[in-house]
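Colleague: Take a look at the following structure, please.
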Protein chains: 2
Amino acid sequence: MQKITVTGLRAVPPFALGLVRDLRVRWALEEAGFAYDSDMVAVGEERDQPAYRARQPFGMVPAFEVDGLTLFESGAIVHRIAEESEALMPADRDGRSHVLAWMFAALNTVEPQCQALLAVDFQGAGEDWARQRRPAVIEVLNARLAVLADRLQGREYLLDRFTAADVLMTTVLRFLRHTDLVAGFPAVDAYLKRCEARPAFQRALAAQAADYAREAVAA
Amino acid sequence: MQKITVTGLRAVPPFALGLVRDLRVRWALEEAGFAYDSDMVAVGEERDQPAYRARQPFGMVPAFEVDGLTLFESGAIVHRIAEESEALMPADRDGRSHVLAWMFAALNTVEPQCQALLAVDFQGAGEDWARQRRPAVIEVLNARLAVLADRLQGREYLLDRFTAADVLMTTVLRFLRHTDLVAGFPAVDAYLKRCEARPAFQRALAAQAADYAREAVAA
């Protein structure tokens, strides 16, 4: 991979610091050892312009460019990076399928439930519907976390080594950081801390924070 | 691909007929022209047993077996099939990345919003929280559908030809069939009908229904 650009948000509210999805891409790049440039887009103006929508049809982040290819969806971007680096995905075909299975598990089976809780706890803060809805959302989330706890019994990572699936699952589980749900499953809690302790994760987090700081000064 | 087995549910309530996710896998296999066996699992008993959880950790469907590989997550399974057939994915690397981007868009950007509406309209039927919550869910869904409508302006499929991404997006949009939301976006409505009219989709749907009928007779 030659010239790489990752697009994140120019500014975020405090509750979203370290949660925005360009972090996934930065982390994957750090694990793979690929240098990149970042390019921050403003919420609500630039994001709705045709120029940005041509890169990211839904007006979200991240967007990604590499060697003339423009790509969106954090899962697809992380997979593309993983194809280039055995630090993120083994070379054998079945091994790659297993990594992709756990990548989809993170984004299609676990993340939607986390998003449902974020809707309840942030969008719905203080609202009646959120109070009524919360127990059912928590119940499903606990069921998902119990599966992860089983999976992580005796394993350091989702598969037999660190992979791109851990990049996605970790950043998904971070959406629960305003709760004590993960702490209720010691194997998951230890896994999350193990992944977050990786130097590549820490570099990615610092780089994202540095971009917010730079944008704040420029504004 | 030699010996293929797709696992679906043994029985479903009427509202879920033609919506369960083994349909995605059956459809992909039909497009690719790969024969398969089906194997139906019971809700709530077999699904919680260790033998099934070893194949599908979350106890969901589909599960998939091919040539000794066991795989879960419909997105990953459809991708594995697509790797074997240009009917579902072009051979060039950037083309494959674009297909995967739209596969993740279907399962991570559109499906969670559809699931949020199913929770409101089925789980929450007649409940106060669902009445209060529904407008916000509809608003987000309409925003997603508007992006798809833009994308499909002048295009028959999400990319410049039918791909695995259309298999996933179509089966996701079908989760909205109890509403008139898709009808509000003629380009999306026409796309959905175009995809559902494909002979491979019709064969997959019929095969899933035939399995339900066979299981009902056997019960």
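The chains in the structure tokens are called A, B, ... from first to last as shown; in each chain the residues are counted from 1, and the ligands are counted from 1 in the order shown.
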Please return, as a compact mmCIF listing (two decimals) with C-alpha atoms, in the first residue's frame, all residues of chain B lying within 9 Å of chain A when only C-alpha atoms are considered.

Modeller:
# COMPACT_ATOMS: atom_id res chain seq x y z
CA PRO B 57 -21.40 -19.67 18.49
CA PHE B 58 -24.43 -17.37 18.84
CA LEU B 69 -14.86 -25.87 6.70
CA THR B 70 -17.55 -24.77 9.15
CA LEU B 71 -18.57 -21.14 8.86
CA PHE B 72 -21.11 -18.77 10.40
CA GLU B 73 -22.41 -15.21 9.74
CA SER B 74 -24.39 -14.85 6.53
CA GLY B 75 -22.07 -12.10 5.28
CA ALA B 76 -18.98 -14.26 5.60
CA ILE B 77 -20.69 -17.30 4.09
CA HIS B 79 -18.50 -13.89 0.61
CA ARG B 80 -16.92 -17.35 0.67
CA ASP B 94 -10.60 -3.47 -6.37
CA SER B 97 -13.29 -4.57 -2.29
CA HIS B 98 -16.24 -2.57 -3.65
CA VAL B 99 -18.50 -5.62 -3.36
CA LEU B 100 -17.40 -6.17 0.23
CA ALA B 101 -18.00 -2.48 1.01
CA TRP B 102 -21.63 -2.76 -0.12
CA MET B 103 -21.99 -6.09 1.70
CA PHE B 104 -20.96 -4.38 4.93
CA ALA B 105 -23.19 -1.41 4.06
CA LEU B 107 -25.33 -5.58 7.12
CA ASN B 108 -23.83 -2.78 9.23
CA THR B 109 -25.45 0.43 7.95
CA GLU B 111 -29.83 -3.88 8.51
CA PRO B 112 -29.44 -2.55 12.09
CA GLN B 113 -32.01 0.16 11.30
CA GLN B 115 -33.93 -4.55 12.97
CA ALA B 116 -34.70 -1.50 15.11
CA GLY B 124 -43.05 -3.66 20.85
CA ASP B 128 -46.05 2.58 24.74
CA TRP B 129 -42.27 2.72 24.23
CA ALA B 130 -42.67 1.52 20.65
CA ARG B 131 -45.21 4.25 19.83
CA GLN B 132 -42.86 6.89 21.23
CA ARG B 133 -39.76 5.47 19.57
CA ALA B 143 -32.40 8.64 5.34
CA ARG B 144 -30.76 5.29 4.53
CA VAL B 147 -29.03 7.18 -0.06
CA LEU B 148 -29.89 3.88 -1.74
CA ASP B 150 -29.52 8.08 -5.10
CA ARG B 151 -27.16 5.19 -5.61

Colleague: Excluding His178 of chain A and its own-chain neighbours fewer than 4 positions away, which residues fall within 10 Å of it when counting only C-alpha atoms? Please give them as a ChimeraX atom specification.

Modeller: /A:15,118,121,174

Colleague: Please save N, CA and C atoms of the selected residues as an mmCIF file, in the first residue's frame.

Modeller:
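Below you can see selection39.cif, which holds the result:
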data_model
loop_
_atom_site.group_PDB
_atom_site.id
_atom_site.type_symbol
_atom_site.label_atom_id
_atom_site.label_comp_id
_atom_site.auth_asym_id
_atom_site.auth_seq_id
_atom_site.Cartn_x
_atom_site.Cartn_y
_atom_site.Cartn_z
ATOM 1 N N PHE A 15 -18.592 12.373 24.665
ATOM 2 C CA PHE A 15 -18.970 10.957 24.821
ATOM 3 C C PHE A 15 -18.490 10.103 23.650
ATOM 4 N N LEU A 118 -26.854 2.523 22.912
ATOM 5 C CA LEU A 118 -26.472 3.933 22.796
ATOM 6 C C LEU A 118 -27.709 4.790 22.501
ATOM 7 N N ASP A 121 -29.544 5.079 25.827
ATOM 8 C CA ASP A 121 -28.859 5.804 26.898
ATOM 9 C C ASP A 121 -28.470 7.239 26.538
ATOM 10 N N ARG A 174 -16.112 -1.224 22.971
ATOM 11 C CA ARG A 174 -15.880 0.096 23.574
ATOM 12 C C ARG A 174 -17.143 0.959 23.607
#

Colleague: With only C-alpha atoms as the basis for distance, which of B:Arg203, B:Arg214, B:Arg155, B:Arg10 is at the shortest distance from Trp27 of chain B?

Modeller: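 Of the candidates, the smallest distance to Trp27 of chain B is held by B:Arg203.
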
Colleague: Need the shell around Cys114 of chain B: protein/DNA/RNA residues with any atom at most 9 Å away, counting only C-alpha atoms. Skip same-chain ones fewer than 4 positions apart. Format as a count of residues only?

Modeller: 9

Colleague: Please provide as an MDAnalysis selection string all residues within 12 Å of Ala28 of chain B, with the sequence filter that same-chain residues fewer than 4 positions apart are discarded (counting only C-alpha atoms).

Modeller: chainID B and resid 6 21:24 32:36 74:89 162:168 170:171 198:205

Colleague: Enter the distance from atom CA of Arg161 of chain B to atom CA of Ala149 of chain B, in Å, rounded to one decimal.

Modeller: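 Separation of atom CA of Arg161 of chain B and atom CA of Ala149 of chain B: 16.5 Å.
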
Colleague: Among segment 10-207 of chain B, which ones does DSSP assign to alpha helix (DSSP H) (computed from the backbone)? Answer as JSON, numbers by chain.

Modeller: {"B": [22, 23, 24, 25, 26, 27, 28, 29, 30, 31, 32, 50, 51, 52, 53, 74, 75, 76, 77, 78, 79, 80, 81, 82, 83, 93, 94, 95, 96, 97, 98, 99, 100, 101, 102, 103, 104, 111, 112, 113, 114, 115, 116, 117, 118, 128, 129, 130, 131, 132, 133, 134, 135, 136, 137, 138, 139, 140, 141, 142, 143, 144, 145, 146, 147, 148, 149, 150, 151, 152, 164, 165, 166, 167, 168, 169, 170, 171, 172, 173, 186, 187, 188, 189, 190, 191, 192, 193, 194, 195, 196, 199, 200, 201, 202, 203, 204, 205, 206, 207]}
